[in-house]
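As stored in query_17.txt (compact mmCIF, C-alpha atoms and all ligand atoms):
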# COMPACT_ATOMS: atom_id res chain seq x y z
CA MET A 335 -15.42 -15.92 -15.23
CA LYS A 336 -16.67 -12.60 -13.82
CA ILE A 337 -14.42 -11.15 -11.11
CA LEU A 338 -15.15 -8.13 -8.90
CA VAL A 339 -11.98 -6.53 -7.49
CA ILE A 340 -12.08 -4.43 -4.31
CA ASN A 341 -9.05 -2.39 -3.25
CA PRO A 342 -9.46 0.14 -0.43
CA GLY A 343 -6.41 2.36 0.16
CA SER A 344 -5.82 5.20 2.60
CA THR A 345 -6.71 7.89 0.06
CA SER A 346 -8.97 5.96 -2.35
CA THR A 347 -11.18 2.96 -3.03
CA LYS A 348 -10.32 1.27 -6.32
CA VAL A 349 -12.83 -1.10 -7.90
CA ALA A 350 -12.73 -3.12 -11.10
CA ILE A 351 -14.57 -5.77 -13.06
CA PHE A 352 -12.65 -8.44 -14.96
CA GLU A 353 -13.93 -11.13 -17.31
CA ASP A 354 -11.33 -13.89 -17.01
CA LYS A 355 -8.05 -11.97 -17.28
CA GLU A 356 -9.50 -9.05 -19.22
CA LEU A 357 -10.14 -5.76 -17.44
CA LYS A 358 -13.63 -4.57 -18.42
CA ILE A 359 -13.96 -1.45 -16.29
CA THR A 360 -12.25 0.20 -13.36
CA LYS A 361 -12.81 3.25 -11.18
CA THR A 362 -10.86 5.07 -8.48
CA LEU A 363 -13.00 6.83 -5.88
CA GLU A 364 -10.75 9.36 -4.17
CA HIS A 365 -11.28 10.23 -0.48
CA SER A 366 -10.14 13.63 0.78
CA SER A 367 -8.44 13.94 4.17
CA GLU A 368 -11.60 15.75 5.52
CA GLU A 369 -13.79 12.80 4.50
CA ILE A 370 -11.44 10.20 6.05
CA SER A 371 -10.78 12.19 9.24
CA LYS A 372 -14.50 11.95 10.17
CA TYR A 373 -13.93 8.33 11.21
CA ASP A 374 -12.22 7.36 14.45
CA HIS A 375 -11.83 3.68 13.54
CA ILE A 376 -11.24 2.05 10.16
CA MET A 377 -14.16 -0.38 10.54
CA GLU A 378 -16.51 2.63 10.82
CA GLN A 379 -15.78 3.15 7.09
CA ILE A 380 -17.39 -0.17 6.07
CA ASP A 381 -20.76 1.33 5.03
CA MET A 382 -19.26 4.29 3.14
CA ARG A 383 -16.84 2.09 1.14
CA LYS A 384 -19.38 -0.75 0.66
CA LYS A 385 -21.95 1.67 -0.78
CA ALA A 386 -19.40 2.98 -3.29
CA ILE A 387 -18.51 -0.56 -4.39
CA VAL A 388 -22.09 -1.80 -4.78
CA GLU A 389 -23.06 1.40 -6.66
CA PHE A 390 -20.09 0.93 -9.01
CA ALA A 391 -21.23 -2.63 -9.84
CA GLU A 392 -24.85 -1.55 -10.34
CA GLU A 393 -23.91 1.50 -12.48
CA ASN A 394 -22.21 -0.98 -14.78
CA GLY A 395 -25.15 -3.34 -14.97
CA TYR A 396 -23.98 -5.96 -12.45
CA LYS A 397 -25.48 -7.28 -9.23
CA ILE A 398 -23.04 -8.80 -6.73
CA LYS A 399 -24.58 -12.25 -7.29
CA ASP A 400 -23.54 -12.02 -10.99
CA PHE A 401 -19.87 -12.42 -10.01
CA ASP A 402 -18.16 -15.84 -9.84
CA THR A 403 -15.58 -14.62 -7.35
CA ILE A 404 -14.43 -11.49 -5.51
CA ALA A 405 -10.76 -10.53 -5.26
CA ALA A 406 -10.01 -8.31 -2.27
CA ARG A 407 -6.89 -6.49 -1.07
CA GLY A 408 -5.24 -8.36 1.79
CA GLY A 409 -5.00 -6.55 5.10
CA ILE A 410 -2.90 -6.75 8.24
CA LEU A 411 -2.94 -10.41 9.27
CA PRO A 412 -0.17 -12.00 11.36
CA PRO A 413 3.08 -12.20 9.30
CA LEU A 414 2.59 -14.59 6.37
CA SER A 415 4.10 -15.77 3.09
CA SER A 416 3.43 -14.32 -0.36
CA GLY A 417 0.52 -15.96 -2.23
CA THR A 418 -3.28 -16.19 -2.60
CA TYR A 419 -5.47 -17.02 0.40
CA LYS A 420 -9.17 -17.95 0.61
CA VAL A 421 -11.11 -15.57 2.84
CA THR A 422 -12.85 -17.31 5.75
CA GLU A 423 -15.06 -16.19 8.61
CA GLU A 424 -12.07 -16.66 10.96
CA MET A 425 -10.00 -14.26 8.83
CA VAL A 426 -12.81 -11.69 8.72
CA ASN A 427 -13.19 -11.85 12.50
CA TYR A 428 -9.45 -11.36 12.94
CA LEU A 429 -9.44 -8.30 10.64
CA LYS A 430 -12.46 -6.82 12.40
CA ASN A 431 -11.52 -7.49 16.01
CA GLU A 432 -7.92 -8.53 16.49
CA THR A 433 -5.59 -6.97 13.94
CA PRO A 434 -2.98 -4.89 15.79
CA VAL A 435 -2.88 -2.11 13.18
CA GLU A 436 -5.79 -0.12 11.74
CA HIS A 437 -5.48 0.32 7.97
CA ALA A 438 -7.87 0.65 5.02
CA SER A 439 -6.65 -2.67 3.57
CA ASN A 440 -8.34 -4.45 6.51
CA LEU A 441 -11.70 -3.41 5.06
CA ALA A 442 -11.38 -5.27 1.77
CA ALA A 443 -11.88 -8.89 2.87
CA VAL A 444 -14.49 -7.82 5.45
CA ILE A 445 -16.62 -5.96 2.88
CA ALA A 446 -16.11 -8.61 0.18
CA TYR A 447 -17.14 -11.44 2.53
CA GLU A 448 -20.22 -9.50 3.69
CA VAL A 449 -21.50 -8.77 0.19
CA ALA A 450 -20.40 -12.11 -1.33
CA ASP A 451 -23.13 -14.17 0.33
CA GLY A 452 -21.32 -17.43 -0.43
CA ILE A 453 -19.38 -16.40 -3.56
CA PRO A 454 -15.70 -17.35 -2.99
CA VAL A 455 -13.46 -14.46 -1.93
CA TYR A 456 -9.64 -14.39 -2.21
CA ILE A 457 -6.84 -12.09 -1.12
CA THR A 458 -3.37 -12.04 -2.68
CA ASP A 459 -0.07 -10.79 -1.22
CA PRO A 460 -1.52 -9.01 1.81
CA VAL A 461 0.14 -6.00 3.43
CA SER A 462 1.69 -8.25 6.12
CA VAL A 463 3.73 -10.53 3.81
CA ASP A 464 6.96 -11.11 5.72
CA GLU A 465 10.24 -12.17 4.08
CA PHE A 466 12.66 -10.30 6.37
CA VAL A 467 16.19 -11.55 7.00
CA PRO A 468 16.92 -11.86 10.75
CA GLU A 469 19.07 -8.70 10.91
CA ALA A 470 16.20 -6.61 9.48
CA ARG A 471 14.00 -7.48 12.47
CA ILE A 472 16.24 -5.74 15.00
CA SER A 473 14.86 -2.34 15.97
CA GLY A 474 17.36 -0.99 18.47
CA ILE A 475 15.62 -2.07 21.67
CA PRO A 476 15.00 -5.73 22.58
CA GLN A 477 11.32 -5.15 23.47
CA LEU A 478 10.36 -4.09 19.93
CA GLU A 479 10.76 -6.05 16.71
CA ARG A 480 10.49 -4.32 13.33
CA LYS A 481 7.42 -5.34 11.30
CA SER A 482 7.07 -6.07 7.61
CA LEU A 483 4.02 -4.00 6.52
CA PHE A 484 4.19 -2.79 2.95
CA HIS A 485 2.58 -2.61 -0.51
CA ALA A 486 3.48 -6.25 -1.17
CA LEU A 487 0.90 -6.78 -3.92
CA ASN A 488 1.97 -3.99 -6.25
CA MET A 489 5.67 -4.16 -5.45
CA LYS A 490 5.86 -7.85 -6.33
CA MET A 491 3.79 -7.35 -9.48
CA VAL A 492 5.97 -4.47 -10.78
CA ALA A 493 9.09 -6.49 -9.97
CA ARG A 494 7.75 -9.24 -12.24
CA ARG A 495 7.10 -6.71 -15.02
CA ALA A 496 10.58 -5.19 -14.60
CA SER A 497 12.32 -8.58 -14.69
CA GLU A 498 10.43 -9.39 -17.93
CA GLU A 499 11.60 -6.07 -19.40
CA LEU A 500 15.16 -6.86 -18.36
CA ASN A 501 14.83 -10.35 -19.88
CA LYS A 502 15.82 -11.91 -16.58
CA LYS A 503 14.14 -14.42 -14.28
CA TYR A 504 12.24 -12.77 -11.40
CA GLU A 505 14.03 -15.03 -8.91
CA ASP A 506 17.44 -13.92 -10.23
CA CYS A 507 16.85 -10.17 -9.83
CA ASN A 508 17.75 -7.75 -7.04
CA PHE A 509 15.62 -4.61 -6.90
CA VAL A 510 15.11 -1.57 -4.72
CA ILE A 511 11.33 -1.11 -5.06
CA VAL A 512 9.58 2.13 -4.13
CA HIS A 513 5.77 2.33 -3.83
CA LEU A 514 4.57 5.93 -3.53
CA GLY A 515 0.89 5.90 -2.51
CA GLY A 516 -1.10 7.22 0.45
CA GLY A 517 1.58 5.32 2.38
CA ILE A 518 5.16 4.87 1.16
CA SER A 519 7.16 1.62 1.11
CA VAL A 520 10.81 1.44 0.05
CA GLY A 521 12.08 -2.14 0.01
CA ALA A 522 15.09 -4.29 -0.85
CA GLN A 523 14.03 -7.33 -2.85
CA GLU A 524 16.72 -10.00 -3.17
CA LYS A 525 16.06 -12.85 -5.58
CA GLY A 526 12.29 -12.52 -5.27
CA LYS A 527 12.16 -11.97 -1.47
CA MET A 528 11.54 -8.61 0.21
CA ILE A 529 14.32 -8.96 2.78
CA ASP A 530 13.82 -5.48 4.26
CA VAL A 531 11.30 -2.67 3.81
CA ASN A 532 10.26 0.30 5.89
CA ASN A 533 6.99 -0.31 7.75
CA ALA A 534 4.76 1.90 5.57
CA ASN A 535 2.65 2.82 8.56
CA ASP A 536 5.28 4.28 10.85
CA GLU A 537 8.80 4.11 9.45
CA GLY A 538 10.64 5.55 6.47
CA PRO A 539 9.82 8.73 4.55
CA PHE A 540 6.76 10.86 5.26
CA SER A 541 3.88 10.23 2.85
CA PRO A 542 0.75 12.10 1.70
CA GLU A 543 -0.96 11.26 5.02
CA ARG A 544 1.72 9.80 7.35
CA SER A 545 4.65 11.16 9.29
CA GLY A 546 7.01 8.22 8.69
CA GLU A 547 9.89 7.90 11.16
CA LEU A 548 9.96 10.51 13.94
CA PRO A 549 12.50 11.65 16.56
CA VAL A 550 11.72 9.09 19.28
CA GLY A 551 12.67 11.20 22.33
CA ASP A 552 10.44 14.09 21.28
CA ILE A 553 7.54 11.74 20.57
CA ALA A 554 7.86 10.12 23.99
CA LYS A 555 7.70 13.59 25.59
CA VAL A 556 4.53 14.52 23.67
CA ALA A 557 2.93 11.15 24.51
CA PHE A 558 3.68 11.49 28.23
CA SER A 559 2.52 15.13 28.30
CA ARG A 560 -1.01 13.75 27.76
CA LYS A 561 -1.74 16.78 25.61
CA TYR A 562 -3.45 14.49 23.09
CA GLU A 563 -5.64 11.48 23.79
CA LYS A 564 -4.45 8.16 22.28
CA ARG A 565 -6.60 8.33 19.13
CA GLU A 566 -5.68 11.93 18.36
CA MET A 567 -2.01 11.14 18.95
CA ARG A 568 -2.18 8.29 16.42
CA LYS A 569 -3.97 10.46 13.87
CA ARG A 570 -1.10 12.95 14.09
CA TYR A 571 1.21 10.38 12.50
CA VAL A 572 -1.24 8.27 10.43
CA GLY A 573 -3.98 10.26 8.67
CA LYS A 574 -2.98 13.80 9.62
CA GLY A 575 0.79 13.46 9.19
CA GLY A 576 2.96 14.08 6.12
CA LEU A 577 1.47 16.33 3.42
CA VAL A 578 -1.84 16.58 5.33
CA GLY A 579 0.02 17.89 8.41
CA TYR A 580 2.15 20.39 6.50
CA LEU A 581 -0.15 21.45 3.66
CA LYS A 582 -3.66 20.24 4.65
CA THR A 583 -4.03 17.96 1.62
CA ASN A 584 -3.35 14.28 0.86
CA ASP A 585 -3.33 15.05 -2.87
CA LEU A 586 0.13 15.56 -4.38
CA ARG A 587 -1.40 17.45 -7.33
CA GLU A 588 -2.78 20.08 -4.94
CA ALA A 589 0.50 20.19 -3.00
CA LEU A 590 2.46 20.80 -6.21
CA LYS A 591 0.07 23.58 -7.15
CA LEU A 592 0.80 25.27 -3.83
CA THR A 593 4.54 25.24 -4.57
CA GLU A 594 3.90 27.74 -7.40
CA ASN A 595 3.66 30.61 -4.90
CA ASP A 596 4.29 29.21 -1.45
CA GLU A 597 7.87 28.83 -0.15
CA ASN A 598 6.77 26.52 2.68
CA ALA A 599 5.11 24.13 0.22
CA LYS A 600 8.33 24.09 -1.85
CA LYS A 601 10.34 23.19 1.24
CA VAL A 602 7.92 20.37 2.15
CA ILE A 603 8.12 18.81 -1.33
CA GLU A 604 11.93 19.09 -1.23
CA GLY A 605 11.91 17.39 2.19
CA MET A 606 9.65 14.61 0.94
CA THR A 607 11.74 13.77 -2.14
CA TYR A 608 14.90 14.06 -0.01
CA GLN A 609 13.57 11.51 2.52
CA ILE A 610 12.42 9.08 -0.20
CA SER A 611 15.82 9.29 -1.91
CA LYS A 612 17.63 8.72 1.39
CA GLU A 613 15.58 5.54 2.02
CA ILE A 614 16.39 4.31 -1.51
CA GLY A 615 20.09 4.77 -0.74
CA ALA A 616 19.67 2.80 2.49
CA MET A 617 17.94 -0.10 0.72
CA ALA A 618 20.67 -0.15 -1.96
CA THR A 619 23.16 -0.83 0.85
CA VAL A 620 20.95 -3.68 2.14
CA LEU A 621 21.60 -5.29 -1.26
CA LYS A 622 25.32 -4.39 -1.00
CA GLY A 623 24.93 -2.22 -4.11
CA LYS A 624 24.20 -5.28 -6.30
CA ILE A 625 20.96 -4.10 -7.91
CA ASP A 626 19.40 -4.72 -11.32
CA ALA A 627 17.19 -1.62 -11.02
CA ILE A 628 15.43 0.83 -8.76
CA ILE A 629 11.72 0.47 -9.52
CA ILE A 630 9.41 3.40 -8.70
CA THR A 631 5.62 2.96 -8.72
CA GLY A 632 2.34 4.14 -7.06
CA GLY A 633 0.06 7.15 -7.52
CA LEU A 634 2.73 9.80 -6.82
CA ALA A 635 4.84 8.34 -9.63
CA ASN A 636 2.36 9.96 -12.05
CA SER A 637 4.06 13.28 -11.37
CA GLU A 638 7.14 13.78 -13.54
CA ILE A 639 8.15 16.87 -11.52
CA PHE A 640 8.15 14.85 -8.29
CA ILE A 641 9.95 11.84 -9.77
CA ASN A 642 12.62 14.02 -11.40
CA LYS A 643 13.50 15.44 -7.98
CA ILE A 644 14.12 11.89 -6.73
CA LYS A 645 16.01 10.92 -9.89
CA GLU A 646 18.41 13.84 -9.40
CA ARG A 647 19.53 12.33 -6.12
CA ILE A 648 19.60 8.59 -6.95
CA SER A 649 20.67 8.33 -10.59
CA LYS A 650 24.25 7.33 -9.64
CA ILE A 651 22.94 4.28 -7.73
CA GLY A 652 21.61 2.34 -10.71
CA LEU A 653 19.07 1.94 -13.50
CA ILE A 654 15.72 3.61 -12.68
CA MET A 655 12.44 2.10 -13.97
CA VAL A 656 9.19 4.03 -13.36
CA TYR A 657 5.72 2.42 -13.40
CA PRO A 658 3.17 5.14 -12.52
CA GLY A 659 -0.01 4.00 -10.75
CA SER A 660 -0.30 0.37 -9.80
CA PHE A 661 -0.92 -3.16 -11.07
CA GLU A 662 -2.84 -4.09 -7.93
CA MET A 663 -6.17 -4.71 -9.65
CA GLU A 664 -4.63 -7.06 -12.22
CA ALA A 665 -2.65 -8.87 -9.51
CA LEU A 666 -5.77 -9.40 -7.36
CA ALA A 667 -7.89 -10.57 -10.30
CA GLU A 668 -5.16 -12.96 -11.39
CA GLY A 669 -4.85 -14.46 -7.90
CA ALA A 670 -8.58 -15.18 -7.71
CA TYR A 671 -8.66 -16.48 -11.32
CA ARG A 672 -5.79 -18.92 -10.70
CA ALA A 673 -7.43 -20.18 -7.51
CA GLU A 674 -10.89 -20.65 -9.08
CA LYS A 675 -9.46 -22.36 -12.19
CA ASN A 676 -7.38 -24.69 -9.98
CA ILE A 677 -4.17 -23.44 -11.63
CA GLU A 678 -2.81 -22.73 -8.15
CA SER A 679 -4.20 -23.95 -4.83
CA PRO A 680 -5.00 -21.09 -2.47
CA ILE A 681 -3.14 -21.18 0.83
CA GLU A 682 -5.35 -22.06 3.79
CA TRP A 683 -5.21 -19.31 6.42
CA ARG A 684 -5.18 -20.15 10.11
CA LYS A 685 -4.55 -17.73 12.95
CA ARG A 686 -1.34 -19.00 14.55
N1 LIG A 701 -1.55 12.38 -11.82
C1 LIG A 701 -1.10 12.50 -10.58
N2 LIG A 701 -0.09 13.36 -10.29
C2 LIG A 701 0.38 13.49 -9.03
N3 LIG A 701 -0.08 12.77 -7.98
C3 LIG A 701 -1.07 11.90 -8.20
C4 LIG A 701 -1.64 11.71 -9.50
N4 LIG A 701 -2.61 10.77 -9.41
C5 LIG A 701 -2.66 10.40 -8.10
N5 LIG A 701 -1.74 11.07 -7.38
C6 LIG A 701 -1.48 11.01 -5.94
O1 LIG A 701 -1.18 9.68 -5.56
C7 LIG A 701 -1.60 9.47 -4.20
C8 LIG A 701 -2.45 8.22 -4.13
O2 LIG A 701 -1.73 7.15 -4.63
P1 LIG A 701 -2.35 5.67 -4.65
O3 LIG A 701 -1.25 4.75 -5.08
O4 LIG A 701 -3.59 5.68 -5.44
O5 LIG A 701 -2.64 5.51 -3.09
P2 LIG A 701 -3.63 4.67 -2.19
O6 LIG A 701 -3.92 3.40 -2.94
O7 LIG A 701 -2.82 4.46 -0.98
O8 LIG A 701 -4.85 5.47 -1.89
C9 LIG A 701 -2.37 10.72 -3.79
O9 LIG A 701 -1.53 11.56 -3.03
C10 LIG A 701 -2.70 11.37 -5.13
O10 LIG A 701 -2.81 12.77 -5.03
C1 LIG A 702 0.29 -0.26 5.59
C2 LIG A 702 0.95 -0.51 4.25
C3 LIG A 702 0.10 -0.34 3.03
C4 LIG A 702 -0.28 1.08 2.73
O1 LIG A 702 0.28 2.04 3.26
O2 LIG A 702 -1.28 1.22 1.82
P1 LIG A 702 -1.94 2.62 1.33
O3 LIG A 702 -0.92 3.39 0.59
O4 LIG A 702 -3.07 2.18 0.46
O5 LIG A 702 -2.43 3.31 2.55

Starting from the file, lay out its structure as structure tokens.
Amino acid sequence: MKILVINPGSTSTKVAIFEDKELKITKTLEHSSEEISKYDHIMEQIDMRKKAIVEFAEENGYKIKDFDTIAARGGILPPLSSGTYKVTEEMVNYLKNETPVEHASNLAAVIAYEVADGIPVYITDPVSVDEFVPEARISGIPQLERKSLFHALNMKMVARRASEELNKKYEDCNFVIVHLGGGISVGAQEKGKMIDVNNANDEGPFSPERSGELPVGDIAKVAFSRKYEKREMRKRYVGKGGLVGYLKTNDLREALKLTENDENAKKVIEGMTYQISKEIGAMATVLKGKIDAIIITGGLANSEIFINKIKERISKIGLIMVYPGSFEMEALAEGAYRAEKNIESPIEWRKR
């Protein structure tokens, strides 16, 4: 079975070709903050990302019609359970026109469905998987409920790998799981369920391109000053926040290079690792300190210098397991494979 995997992230588009469960070829197309900031709305990126995906397939001797199925990253649908879902026209319309949050993951099913021309398309563990306990939903004001938006796909996959390494059942393990990508998610997973996690779009630590949590009073003042129009205001915290805001780059490698002779860059990297560590401590308390391991993954986990700064602060909390990069492509391919081979029935998606 030939499977095309499509995974758009905030700083990259990852594509891969699998034959059954075997990875044949993969490529990461990185997008600089200048390239991404040209677009006002995520859906305006469809053509740019689609072209890259189709060219990747053709460069490797495939036409889209050669694939038996397409596995796409799951975007921001209404809160839903972990699993594999078949992509339908209704889902595509929701992602294009109704989703409340703009994010690159929303592009995957839309692009896949457009190019598929009838080939079945699946998503697995979308960004909006929701397994919160009731107390995690409380924000601090009754009008706003906290949302579960995180790197569900990779975090669940690395948790499976870690439980295998620990020789324990996935459902018996408690983990603090940290995904360090264009966005950052730090979650508390209790017996297989992500019972709390920072909303990777606008809570928690700052990331390569996002501000994370901000002082609410000051933000309200800026918003009401009308100094920035709505779109520009949003870009300040998603897209032009975090490393992009401080150091004009969404690439940690470039940011680390700057620290060699720039005191401000050093301070920013210290602040970033400090905030990530603080969130890990918070999630350890969600699990009442009963944790099998702290799992660290994502693109930033490729940097030993960066990870060592976090380790210095958290090593007393528990065992640390690092999985640089991600297992997202394997997880997506496996979801589509299991659905097409009838090993697992895909969940039918309906807008509630
Ligand atoms: N070898 C590396 N060392 C340090 N940072 C890296 C390395 N490789 C990738 N990164 C950083 O990881 C981030 C992207 O992570 P990734 O998980 O691919 O994110 P996304 O899928 O959200 O685009 C970028 O900031 C990139 O600079
Ligand atoms: C919105 C949660 C997922 C996320 O932040 O993904 P990226 O790191 O790919 O932007």

Contacts of stretch 335-375 of chain A with stretch 457-478 of chain A up to 12 Å, shortest pair per row, all atoms listed in the file, as JSON lines:
{"residue": "A:Val339", "atom": "CA", "partner": "A:Ile457", "partner_atom": "CA", "distance": 9.9}
{"residue": "A:Ile340", "atom": "CA", "partner": "A:Ile457", "partner_atom": "CA", "distance": 9.8}
{"residue": "A:Asn341", "atom": "CA", "partner": "A:Ile457", "partner_atom": "CA", "distance": 10.2}
{"residue": "A:Gly343", "atom": "CA", "partner": "A:Val461", "partner_atom": "CA", "distance": 11.1}

Write out the residues from the selection above, keeping C-alpha atoms, as a short mmCIF file (atom, residue, chain, number, x, y, z; two decimals), in the frame of the given file.
data_model
loop_
_atom_site.label_atom_id
_atom_site.label_comp_id
_atom_site.auth_asym_id
_atom_site.auth_seq_id
_atom_site.Cartn_x
_atom_site.Cartn_y
_atom_site.Cartn_z
CA VAL A 339 -11.98 -6.53 -7.49
CA ILE A 340 -12.08 -4.43 -4.31
CA ASN A 341 -9.05 -2.39 -3.25
CA GLY A 343 -6.41 2.36 0.16
#

Exercise for review: Please check which protein, DNA or RNA residues sit within 10 Å of ligand LIG 701 (chain A), counting all atoms listed in the file, and write them as a count of residues only.
Suggested key: 52

Atom CA of A:Gly409 sits from atom CA of A:Glu498 at a separation of 27.9 Å

Atom O2 of ligand LIG 702 (chain A) sits from atom CA of A:Trp683 at a separation of 21.4 Å

Could you give me the axis-aligned bounding box of ligand LIG 702 (chain A), with 5 Å of padding per side, as centre plus edge lengths in Å to one decimal, as JSON?
{"center_x": -1.1, "center_y": 1.4, "center_z": 3.0, "size_x": 14.0, "size_y": 13.9, "size_z": 15.1}

The distance between atom CA of A:Val512 and atom CA of A:Ile630 is 4.7 Å
